Structures are given as C-alpha cells and as structure tokens.
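What follows is a short report on a single structure.
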Amino acid sequence: MEFTLTQIAQILGGSISGDSTIKVNRLEKIQEAVAGSITFLANPKYENFVYETQASAIIVSKTFKPKQTIKASLILVEDPYASFTTLLEEYTKILSFSKAGVEEPSFLGANSETGENIYRGAFSYIGKNVKIGKNVKIYPHVFIGDNVTIGNNCIFHSGVKIYEKTQIGSFCTIHSGSIIGSDGFGFAPLPDGTYKKIPQIGNVILEDNVEIGANTVIDCATMGSTIVHKGAKLDNLIQIAHNVEIGSNTVIAAQSGVSGSSSIGDNSMIGGQVGIAGHLKLAKKTKIGAQSGINKNITKESSTLSGTPAFEFNKNMRSYSIYKKLPDLLDRIEQLEEKIITLKAFI
Amino acid sequence: MEFTLTQIAQILGGSISGDSTIKVNRLEKIQEAVAGSITFLANPKYENFVYETQASAIIVSKTFKPKQTIKASLILVEDPYASFTTLLEEYTKILSFSKAGVEEPSFLGANSETGENIYRGAFSYIGKNVKIGKNVKIYPHVFIGDNVTIGNNCIFHSGVKIYEKTQIGSFCTIHSGSIIGSDGFGFAPLPDGTYKKIPQIGNVILEDNVEIGANTVIDCATMGSTIVHKGAKLDNLIQIAHNVEIGSNTVIAAQSGVSGSSSIGDNSMIGGQVGIAGHLKLAKKTKIGAQSGINKNITKESSTLSGTPAFEFNKNMRSYSIYKKLPDLLDRIEQLEEKIITLKAFI
Amino acid sequence: MEFTLTQIAQILGGSISGDSTIKVNRLEKIQEAVAGSITFLANPKYENFVYETQASAIIVSKTFKPKQTIKASLILVEDPYASFTTLLEEYTKILSFSKAGVEEPSFLGANSETGENIYRGAFSYIGKNVKIGKNVKIYPHVFIGDNVTIGNNCIFHSGVKIYEKTQIGSFCTIHSGSIIGSDGFGFAPLPDGTYKKIPQIGNVILEDNVEIGANTVIDCATMGSTIVHKGAKLDNLIQIAHNVEIGSNTVIAAQSGVSGSSSIGDNSMIGGQVGIAGHLKLAKKTKIGAQSGINKNITKESSTLSGTPAFEFNKNMRSYSIYKKLPDLLDRIEQLEEKIITLKAFI
C-alpha cells in the first residue's frame, strides 16, 4: 500500500515542503524510521532525529523552523501528533479493507448471498442460506455455517469458525482461531455415573462494533441466544459460555472466562485470567482485577473487586498486605500467650 | 430440517388436535415461539401464552382443557415437558448427523478408508493409512494425520486438528479448533542454558463417548499414550499435557489445565481455570473448585478441595472468611499488646 | 518410516547379533514392545522382558550375557540408554521433516518464494511477497500472510496462522492452532463510553530455535515488534500481548499470559497459568510458580516468586501455611482476650 505525499497532505489538510511526488509505504517512530517511511516530530527533544533520519517524509508543525538542512520532504500541519494518529487510523482502515475479490478454490453454499466489495479468500467456506452484507472480508480457512447472517464492514481473519445460525452485526472484527457458536457445556448426570448431553439449540448474537481477539470461544445458548452487545471488546483466549450476556462497551482482557447464564453490565472492565461463575448478574461499570474469581452477584454499579472469591479491591489489598506478614502475626500471638502466662504467675 | 406434526406425534406417541400436515422447523420456549416453531405447555402459569403464541404447534397434556380458541395445532401427550425434551434430543441428533457426502475439493490420502454415511466437508484433509468408521461427520478444515483410527458416529467440527497415530473411539464429538496429539512440552536443559527437545513419539487415545469443547489441546505422550477414558467431557480451552490420564465420566470445565503424567480418577468434577501440577494421582470422584491449584496427590475418594495450593474446601472457606477480616485481627492483636503493657504497669 | 538393523547399527556405531535384514518401524519401552519395534535394556531389573518380548530388535550392552535364548535380534553398544535416546532423536528428526512436495490444491501468492525441499500441504495458503527458506514444512490449513519471511528448517503444523509482516528465524516449530501476529488489544475510551481502536501496525519477530505449542497467541506490536528471542519455548494456550519481549531460552508453561509491553529476561522459567501485568521488566533467570500473578518489576536475577500478587516463594509458603490455620489463630486471639479480661478482674 503506497501513498504519495500529495495524497497524505490532502488527508491531513496540510501543505508540502519538498518533493510532493515521493511515495511512502510505512509509518514509523522518528527514532526507527527507514527509507520509504513517513514519520512525525511532536516532541522537541526528538528534533535531532529530523536531521539524521532516513525517513522519506516527516510531519511537522507549521511553526517548525529547521536549524539544519533536512533530507526528507516535510508535511506542515497544525498538530503533528494528531495528524500522525489520523494518518495511522486511515492507513489501517484502508489496509484492513484492502483485500477484495474471490480467490479459488473457495466454497459458497446454496442460497447464500454476499454484498458488494466482498473478499472471499482461498479455502474459505460459506454454508447454505447465509446472508452477508457489503465490504465484508473473509480470509482463508474461515468457516461460516448454514443460516448465518452478517452485516456490513466486518473482517474475519484466517481460521475463524462461525457455527450455524449465528447473527453478526456490522463493523465487527474477529481475529484468527476464534470460535463463535460451539455447543454450550451442558450434560445431565445419569444414575449410572455417565452423562447425557443436553441439546444446545440456541445461537450467538454479536451486535455492531464488536471486536474479538484470537482463539477466543463463544458458546451458543442452550435455547435462545448468547449475546455480546454493541461495542464490546474481547481479547484473546477468552471463554464465554452458553447464554451469557456481555454488556455494551464492556472490555474483557485475555484468558478470562464467563460461566453459563451470567451477565455483565455495560461499560465494565474485566482484567485478564478472571473467572466468573454461572448464573450471576454483574452491575454496570464493574471493574475486576486480573486473576480474580467472582462467585456472587454484584449489585452496586462501578464496584471494583479483586481476589478469589473476590471482594472490594481496597479491602483485599489491605488483607493481602497482612497475609504477607502472617508469620510476624503468629509470633506476636505467641509472645502474647507467653506474657499472659508470666502475668498470671505474678498474681 | 422440517418435520410434519404426524412425524412428531409418532416420535412422541401422542395424538394430534388440529391440522396434522403442518410443518415445523424449530423448537422454542412458549414465550419466544414464532411461526414455524413447535413449543410446549408444562407449567400452568404460562397458559396465557397458548392463546397468544404465533407457534405453529404446541405440545400439551392429554388432560388440558383450553379456555379459549387456540390458533396452533396441538399434540396431546402424557407429559409435555418430557416429550419436548425427547423431541429436542431427537431433533439435535438428526441435525448433528444430517450432513452427508463428500464436498470438493477435499483430500483423502493413500490407503485411507471411510465407512458408510460419511461427511467430508470441503477443504477437509485426511492423511495416509487412516481408518474411519461409519456415520462420521468431518467438517470443513478438519485435519486428520497419518495412521489415525476413528470409530463410528463421531463428529469433528470445522478446524479440528488430529495429529498422526491418534486413536478415537465411537460416539465422540470434538468442537472447532481443538487440537489432539500436539507434542508434549518436554525440553532438557543443556549446560549452556539452551534446551534440547525431548522427542514426543507417543499418541493420544480418546475412548468412546468422549466430548471435547472448542480450542482445547490434548498433547501426545512422550512415549505410550495420553488417555481420555470413556464418557469424559472436556469444556473449551483446556490444556491436557503429555501422558495424562482422564478417568471415565470425569467432567472438566473451561480453561483448566492438567500437567504432564498426572491422572484424574473416574467420575471427578474439575471446575474452571483449575491447574493440576505434574505427576499427581487424583482419586475417584474428586471435586475441585474453580481456579484452584492442586500440588499433591489426592488419595481419598470423593474429596472436595479449593484454593492454591488446594486443601479441604470447607476449611479453605473458613480460612478465607478470616482472611477477609485480617485487618480486624491485626487490630485485636495490637489492642491485646497495649492491654498487656497496661496490665504489667499495674503489677 | 522403516529402518533396517544395519542402518540403525550404523547410526549407533554398534554391532548386530542376529538377523541384520530385519526392519523396524517403531521405538518402544521393553514392557510394551510389540512386533516390528526396537527397544532397549538398560536397567538389569527388566532383563526378564528380554526373553519374553515380541520386539524385533533390542539394544543391549556389549557386556550383556543372555541367560536364555532370545528371539529378537540384538544391537550391541557401549551404553544402551544413550543409544536409544540418540535413535529416538534421529527418528523424530527424520519423521518431522519427512513430508515433502506440494499437495494440491494449495495457494501461493504473487512474488512469493520457497526454498528447496519444501512441503506445502493441501489447502495451505501463502500470501504475496513471502520469502521462505529451505526444508520448511507447511502443513494443511496453514495461513501465511503477505510479506512474511521465514528461515530454514521450520515446521508449521496444521492450522497455524501467521499474520502479515511476521519475521521467523530458522529451526522454529509451531504447533497447530497457534496464531502469530493478531492485533494487540488496544482501545482508547471516548467520552461517550465507546472505544476507538488504536491501530496495531507493528509485527512479531520469532528468532531461531523458538518452539511454540498449540493454540497459543502472540499479538503484533502496536508499533515496532513483539519479540520472542532465540531458543525460547512456549507451551500451549499462552497469551503474549503486543510489544512483549521474551528472553532467550526462557520457557513458559501452558495457559500463562504476558500483558502488553512487558519483558521477561533470558533463561527464565514461568509456570502454568501465570499472569504478568503490563509494562513490567523481569530480570534474567526469574522463576515464577504456577498460577502466580506478577504486578511489579523483578529487578533481582534468579528470583523465585509465587502468589497473587506474587512475592518471594518461601515467604509465601510460610504465610500460606499460617493462612490454612487462621481459624486456630482466631481462637487463640479470642482466648487471649478472655484471659486479659479475667486478669483485669484480678487486679
């Protein structure tokens, strides 16, 4: 993906000083920039790099006055840092959605439809009666089961598996290896010690703007739907069990797990390796520290908890600081016991 | 998958009141039922829904006397709830095994055989000298390595990877992304600080009726076999290391891990995110609370443990309740120390 | 893979007693050896098996004097155990690299090059501008994104996904389902409670001799590189976040996670299910016990820690032993309180 400085100046509403026909194909920090890259100068303490860098172009402030000659072309803007961030976002967006067309062999089942500007990578598989919107990017080795519906502007990276009947909104991204809609873990014990499988006939619903990391698993509901509400962001290797509901704009860090039928309120923040037991309800804006275990409802909004089982974060930290000194506490108790004996002898 | 009411009444041994030619294609709770679905009435407090529902058919008790007209057809049975469950199981079984035939392109290596009623999805790969029984469903992107043997009535969902020499019994289900037979984690330290790989030449054996969730990993044995005994059920994202043995009818919840050469007795229940250290032996019917860490043998059957390192569950809960009050305990010790000083001054 | 005894004797520098044309195709312990296998006798207490085994060949000491007739052929060597280990390593190496050629259909993008003795399995996908060295084994369903570079003698098992721009050295092995280069988990909160994605434009670098287990995830850097230095070994289901750096010859057990921008020193040993918070620096030769949580820098080399949050291992074990007796401690405090009251009454 290459851009001319003219294109970039247009995106940023900036002006060019130097060769405007130069092309750049990467964005880098000024300390690390190589030929072919565009970089920026925001913090004056990095100014020296401006004169030494191999970068092809540098975004600088309109008010910047060079003290030496500069090899690179300059793009002059109001706020170099903000401009670089804008460029980064624009670049990523273009790059993410740059794949298009159908690579062969790929599989498209009967009665399935895809919208305009689709990418279907080689070895991708789309089952029957699938409806897919426009500008959706389906990488190689993605599996989309029968009767799935998908909105617009979604990206499914290589190896994503979406079970039948899953419903996915627009602007969703799922990273490689994540599984959406596998069976919930439901088995009824029989008198002889064996287990009978409880049928799992529900589905998964991902609303708009949901992003899911790599190798995460979201099980389908036993009946009804497991739901991830709009704007929620899930990291890698997370377990979401059957009939769970994840609130809007809730973020969950890697390797956490939510057990069956629990719901997490909107705008919550769940740390890494957290475990949440089944059939619980967590209020909005709950914050849970990494590696904690939640075993009861959280009814108060904006609570912060930690520990296994978790309780109020500050209280846990206080208890833990004493836990670390338990040998000292034990000593003090033993000394008290001795002193009592001594005192008793006196009276 | 569509069924006529006549077919369903036959399965359930019930009689029909209304149009018996109606077709249904989904099962739903009466509160959520839409046109085309069959539902049931077991709890009288839901009776109102019977008159309002859009469902095409309702399973009701033979003794049910409607108070208003009902739009849906009725199937009259002895026990509506049990009948619905039967129907659910039958429906799931039929659905699960409904795929058949070979989709192209798919890969079948030399000297490999598959039994009748096989499904081999597009982009599935079967290596050399593989023996597969009848009624086995191999979804797209499944990999089956050389010299694997598989019994009858197994389902491997999209993206399952089975390394060479694995042996799988009958009636096994493996969900998407699970890996069976990857190398055990064995490296011998050398004097220069680097590691030399210890060859992992064993395999994995899954006995009959084993179900494995999504993105779980079972490593092959260093030599010999890693074994999951019959009827064991493993959830998602579980780690089973080399040479581990999982007992019959043992269930393990998501994100738990069992380290090398440990064995878990029959009919045990392991919670989520549990860690079990290596070279341990856990007795039958062991129950381990979520997030616990096991670092020694469990010799007594039917033990219940929790904590890291784990000990008897009830004792841990008692200790933990005091842990939460450690700041109070510290206060009381300080008060005692002061009182002792005061008392000393008196004598 | 079959070997004649003559071939094996050559590898081991041993001599043959018996039929040298016999072929063997598996290595087994003497207690478990079947026809067609080669085994060994190192420990004299297993000598009886030598006379009973169905093995086709046995590696024995040059000084071994049989007390009965032996059906199997013998290979006489200096040190039978060391010879068997050598044979095991040789066998595994040959086996691991035995696949060769290109199975169809497979996908090779424009301007991509592969070296001699490549294996590209059916349904493997290699993007554009990819450079791959010699003797590299790419199993079915592997995805290699655009602009990836790979050295020599690497093995990527079925279902490995390597995102664009990843750089991989020589002698690396990655097991099934592992994801290299997925987006880092970076989202900036906006005033309305939603999140804006922070572009992740960096990559992942795996140096030489890195081995990665199954279903592990290594995210790309936000900018720059996430780096796994040479000789590091990662087990299954591990999470390595963006911009992390794993030191040379560091081993990490299954289900552990390292948060963004943290670095782990060379020759460290991280237990299973460990969590390491973000932006931390761990000194060389750090040892961390299973299930621990690290929330601060570790500046002293060769530290051993455990607990959540982790502190010095021995101190934690001492505190934990008292934690288990907290109910007893509470009793003692209550007794002290009573005694103080009694004493007070006396004066």
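Numbering starts fresh at 1 for the residues of each chain in the structure tokens, the chains themselves are lettered A, B, ... in the order given, and ligands are numbered from 1 as they appear.
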Can you tell me which residues surround range 76-79 of chain B at a distance of at most 8 Å, considering only C-alpha atoms, apart from same-chain residues fewer than 4 positions away, and format the answer as a compact mmCIF listing (two decimals) with N, CA and C atoms, in the first residue's frame?
# COMPACT_ATOMS: atom_id res chain seq x y z
N LEU B 12 -43.37 -39.10 19.57
CA LEU B 12 -43.78 -38.88 20.97
C LEU B 12 -44.89 -39.82 21.42
N GLY B 13 -45.45 -40.59 20.52
CA GLY B 13 -46.58 -41.44 20.87
C GLY B 13 -47.77 -40.60 21.33
N GLY B 14 -48.00 -39.46 20.69
CA GLY B 14 -49.11 -38.58 21.06
C GLY B 14 -50.17 -38.51 19.96
N SER B 15 -51.26 -37.80 20.24
CA SER B 15 -52.29 -37.63 19.21
C SER B 15 -52.40 -36.15 18.84
N ILE B 16 -52.95 -35.89 17.65
CA ILE B 16 -52.98 -34.51 17.15
C ILE B 16 -54.40 -33.94 17.21
N SER B 17 -54.49 -32.70 17.65
CA SER B 17 -55.75 -31.97 17.54
C SER B 17 -55.48 -30.76 16.66
N ALA B 42 -46.08 -26.80 29.96
CA ALA B 42 -45.95 -27.73 31.09
C ALA B 42 -46.43 -27.03 32.37
N ILE B 59 -47.16 -28.69 22.25
CA ILE B 59 -47.31 -29.97 22.94
C ILE B 59 -48.00 -29.70 24.28
N VAL B 60 -49.14 -30.34 24.50
CA VAL B 60 -49.88 -30.11 25.75
C VAL B 60 -50.26 -31.45 26.39
N SER B 61 -50.70 -31.36 27.63
CA SER B 61 -51.13 -32.57 28.33
C SER B 61 -52.45 -33.07 27.76
N LYS B 62 -52.61 -34.39 27.76
CA LYS B 62 -53.87 -35.01 27.32
C LYS B 62 -55.06 -34.45 28.10
N SER B 83 -41.85 -34.90 26.86
CA SER B 83 -42.00 -35.06 25.41
C SER B 83 -41.18 -34.03 24.66
Practice task
Extract, using only C-alpha atoms, all DNA, RNA and protein residues at most 12 Å from Pro44 in chain C, discarding same-chain residues fewer than 5 positions from it, and format them as a ChimeraX atom specification.
Solution key: /C:30,49-50,60-61,64-66,80-81
Mind dumping a table of every range 142-194 of chain C residue within 10 Å of range 205-209 of chain C, with the nearest atom pair and its distance in Å to one decimal, using only C-alpha atoms, sorted by chain and rising number, as CSV?
residue,atom,partner,partner_atom,distance
C:Thr149,CA,C:Ile205,CA,9.7
C:Ile150,CA,C:Leu206,CA,9.4
C:Gly151,CA,C:Asp208,CA,8.3
C:Asn152,CA,C:Asp208,CA,9.4
C:Asn153,CA,C:Asn209,CA,9.7
C:Cys154,CA,C:Asn209,CA,8.9
C:Lys165,CA,C:Ile205,CA,9.0
C:Thr166,CA,C:Ile205,CA,6.0
C:Gln167,CA,C:Ile205,CA,4.8
C:Ile168,CA,C:Leu206,CA,4.7
C:Gly169,CA,C:Asp208,CA,4.5
C:Ser170,CA,C:Asp208,CA,4.8
C:Phe171,CA,C:Asn209,CA,4.8
C:Cys172,CA,C:Asn209,CA,4.9
C:Thr173,CA,C:Asn209,CA,7.7
C:Ile180,CA,C:Ile205,CA,9.2
C:Gly181,CA,C:Ile205,CA,9.0
Handout entry: Contact residues around Tyr51 in chain C with only C-alpha atoms at 7 Å, ignoring same-chain residues under 5 positions, as an NGL selection string
Key = :C and (68-70)
Write out the residues from the selection above, keeping C-alpha atoms, as a short mmCIF file (atom, residue, chain, number, x, y, z; two decimals), in the first residue's frame.
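Output file again_28.cif follows:
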data_model
loop_
_atom_site.label_atom_id
_atom_site.label_comp_id
_atom_site.auth_asym_id
_atom_site.auth_seq_id
_atom_site.Cartn_x
_atom_site.Cartn_y
_atom_site.Cartn_z
CA GLN C 68 18.26 -67.90 27.83
CA THR C 69 17.70 -67.81 24.09
CA ILE C 70 16.41 -64.51 22.73
#
Problem - From B:Lys99, B:Arg318, B:Lys285, B:His141, residue lying nearest chain A [only C-alpha atoms] - result: B:His141
Handout entry: Test item, strand (DSSP E) assignment across range 175-260 of chain C, answer as an MDAnalysis selection string
Key = chainID C and resid 179:182 187:189 195:197 203:206 211:212 217:219 225:228 233:234 239:240 245:246 251:252 257:258
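What chain A places within 6 Å of chain B, counting only C-alpha atoms, is A:Thr194, A:Pro199, A:Ser319.
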Practice task
Run DSSP on the backbone and give me the residues of range 3-233 of chain C it puts in alpha helix (DSSP H), as number ranges by chain.
Solution key: C: 5-12, 47-52, 80-96
Using only N, CA and C atoms, please write the residues we just selected to a file, as a PDB file, in the first residue's frame.
ATOM      1  N   LEU C   5      18.106 -53.061  10.571  1.00  0.00           N
ATOM      2  CA  LEU C   5      19.046 -53.066  11.703  1.00  0.00           C
ATOM      3  C   LEU C   5      20.426 -52.589  11.278  1.00  0.00           C
ATOM      4  N   THR C   6      20.791 -52.868  10.026  1.00  0.00           N
ATOM      5  CA  THR C   6      22.088 -52.402   9.529  1.00  0.00           C
ATOM      6  C   THR C   6      22.156 -50.873   9.590  1.00  0.00           C
ATOM      7  N   GLN C   7      21.085 -50.215   9.142  1.00  0.00           N
ATOM      8  CA  GLN C   7      21.044 -48.743   9.209  1.00  0.00           C
ATOM      9  C   GLN C   7      21.184 -48.257  10.654  1.00  0.00           C
ATOM     10  N   ILE C   8      20.451 -48.919  11.541  1.00  0.00           N
ATOM     11  CA  ILE C   8      20.447 -48.481  12.941  1.00  0.00           C
ATOM     12  C   ILE C   8      21.815 -48.703  13.586  1.00  0.00           C
ATOM     13  N   ALA C   9      22.404 -49.855  13.302  1.00  0.00           N
ATOM     14  CA  ALA C   9      23.734 -50.144  13.868  1.00  0.00           C
ATOM     15  C   ALA C   9      24.742 -49.091  13.404  1.00  0.00           C
ATOM     16  N   GLN C  10      24.587 -48.643  12.169  1.00  0.00           N
ATOM     17  CA  GLN C  10      25.476 -47.598  11.664  1.00  0.00           C
ATOM     18  C   GLN C  10      25.304 -46.288  12.431  1.00  0.00           C
ATOM     19  N   ILE C  11      24.031 -45.886  12.610  1.00  0.00           N
ATOM     20  CA  ILE C  11      23.751 -44.655  13.360  1.00  0.00           C
ATOM     21  C   ILE C  11      24.368 -44.721  14.758  1.00  0.00           C
ATOM     22  N   LEU C  12      24.263 -45.897  15.388  1.00  0.00           N
ATOM     23  CA  LEU C  12      24.683 -46.028  16.790  1.00  0.00           C
ATOM     24  C   LEU C  12      26.130 -46.477  16.934  1.00  0.00           C
ATOM     25  N   GLU C  47      15.512 -57.385  32.797  1.00  0.00           N
ATOM     26  CA  GLU C  47      16.120 -58.417  31.944  1.00  0.00           C
ATOM     27  C   GLU C  47      15.131 -59.498  31.514  1.00  0.00           C
ATOM     28  N   ASN C  48      14.217 -59.888  32.403  1.00  0.00           N
ATOM     29  CA  ASN C  48      13.237 -60.925  32.056  1.00  0.00           C
ATOM     30  C   ASN C  48      12.465 -60.620  30.784  1.00  0.00           C
ATOM     31  N   PHE C  49      12.155 -59.320  30.587  1.00  0.00           N
ATOM     32  CA  PHE C  49      11.396 -58.945  29.404  1.00  0.00           C
ATOM     33  C   PHE C  49      12.147 -59.294  28.110  1.00  0.00           C
ATOM     34  N   VAL C  50      13.486 -59.326  28.194  1.00  0.00           N
ATOM     35  CA  VAL C  50      14.303 -59.616  27.021  1.00  0.00           C
ATOM     36  C   VAL C  50      13.952 -60.985  26.427  1.00  0.00           C
ATOM     37  N   TYR C  51      13.608 -61.900  27.295  1.00  0.00           N
ATOM     38  CA  TYR C  51      13.334 -63.266  26.829  1.00  0.00           C
ATOM     39  C   TYR C  51      11.876 -63.445  26.406  1.00  0.00           C
ATOM     40  N   GLU C  52      11.023 -62.509  26.816  1.00  0.00           N
ATOM     41  CA  GLU C  52       9.589 -62.644  26.554  1.00  0.00           C
ATOM     42  C   GLU C  52       9.089 -61.701  25.453  1.00  0.00           C
ATOM     43  N   PRO C  80      23.389 -48.634  26.270  1.00  0.00           N
ATOM     44  CA  PRO C  80      22.088 -48.846  25.604  1.00  0.00           C
ATOM     45  C   PRO C  80      21.112 -47.681  25.769  1.00  0.00           C
ATOM     46  N   TYR C  81      21.073 -47.051  26.969  1.00  0.00           N
ATOM     47  CA  TYR C  81      20.113 -45.978  27.190  1.00  0.00           C
ATOM     48  C   TYR C  81      20.444 -44.768  26.313  1.00  0.00           C
ATOM     49  N   ALA C  82      21.737 -44.396  26.305  1.00  0.00           N
ATOM     50  CA  ALA C  82      22.162 -43.260  25.480  1.00  0.00           C
ATOM     51  C   ALA C  82      21.924 -43.558  24.000  1.00  0.00           C
ATOM     52  N   SER C  83      22.173 -44.793  23.594  1.00  0.00           N
ATOM     53  CA  SER C  83      21.963 -45.168  22.192  1.00  0.00           C
ATOM     54  C   SER C  83      20.485 -45.072  21.823  1.00  0.00           C
ATOM     55  N   PHE C  84      19.625 -45.519  22.727  1.00  0.00           N
ATOM     56  CA  PHE C  84      18.194 -45.472  22.441  1.00  0.00           C
ATOM     57  C   PHE C  84      17.733 -44.019  22.303  1.00  0.00           C
ATOM     58  N   THR C  85      18.247 -43.152  23.177  1.00  0.00           N
ATOM     59  CA  THR C  85      17.914 -41.735  23.112  1.00  0.00           C
ATOM     60  C   THR C  85      18.370 -41.132  21.793  1.00  0.00           C
ATOM     61  N   THR C  86      19.590 -41.459  21.393  1.00  0.00           N
ATOM     62  CA  THR C  86      20.110 -40.991  20.096  1.00  0.00           C
ATOM     63  C   THR C  86      19.190 -41.431  18.967  1.00  0.00           C
ATOM     64  N   LEU C  87      18.811 -42.690  19.018  1.00  0.00           N
ATOM     65  CA  LEU C  87      17.953 -43.256  17.971  1.00  0.00           C
ATOM     66  C   LEU C  87      16.608 -42.527  17.945  1.00  0.00           C
ATOM     67  N   LEU C  88      16.082 -42.261  19.134  1.00  0.00           N
ATOM     68  CA  LEU C  88      14.800 -41.582  19.276  1.00  0.00           C
ATOM     69  C   LEU C  88      14.871 -40.193  18.639  1.00  0.00           C
ATOM     70  N   GLU C  89      15.949 -39.483  18.940  1.00  0.00           N
ATOM     71  CA  GLU C  89      16.100 -38.125  18.388  1.00  0.00           C
ATOM     72  C   GLU C  89      16.250 -38.163  16.873  1.00  0.00           C
ATOM     73  N   GLU C  90      17.050 -39.120  16.402  1.00  0.00           N
ATOM     74  CA  GLU C  90      17.288 -39.241  14.967  1.00  0.00           C
ATOM     75  C   GLU C  90      15.974 -39.564  14.258  1.00  0.00           C
ATOM     76  N   TYR C  91      15.237 -40.493  14.854  1.00  0.00           N
ATOM     77  CA  TYR C  91      13.966 -40.956  14.296  1.00  0.00           C
ATOM     78  C   TYR C  91      12.960 -39.810  14.217  1.00  0.00           C
ATOM     79  N   THR C  92      12.875 -39.041  15.298  1.00  0.00           N
ATOM     80  CA  THR C  92      11.940 -37.927  15.345  1.00  0.00           C
ATOM     81  C   THR C  92      12.303 -36.857  14.332  1.00  0.00           C
ATOM     82  N   LYS C  93      13.614 -36.603  14.221  1.00  0.00           N
ATOM     83  CA  LYS C  93      14.064 -35.578  13.283  1.00  0.00           C
ATOM     84  C   LYS C  93      13.703 -35.984  11.858  1.00  0.00           C
ATOM     85  N   ILE C  94      13.989 -37.251  11.516  1.00  0.00           N
ATOM     86  CA  ILE C  94      13.684 -37.737  10.163  1.00  0.00           C
ATOM     87  C   ILE C  94      12.173 -37.681   9.924  1.00  0.00           C
ATOM     88  N   LEU C  95      11.422 -38.133  10.930  1.00  0.00           N
ATOM     89  CA  LEU C  95       9.966 -38.187  10.799  1.00  0.00           C
ATOM     90  C   LEU C  95       9.380 -36.790  10.623  1.00  0.00           C
ATOM     91  N   SER C  96       9.848 -35.857  11.450  1.00  0.00           N
ATOM     92  CA  SER C  96       9.304 -34.499  11.432  1.00  0.00           C
ATOM     93  C   SER C  96       9.508 -33.845  10.075  1.00  0.00           C
TER      94      SER C  96
END
Problem - CA of Val228 in chain C to CA of Gly133 in chain C, straight-line distance in Å - result: 19.4 Å
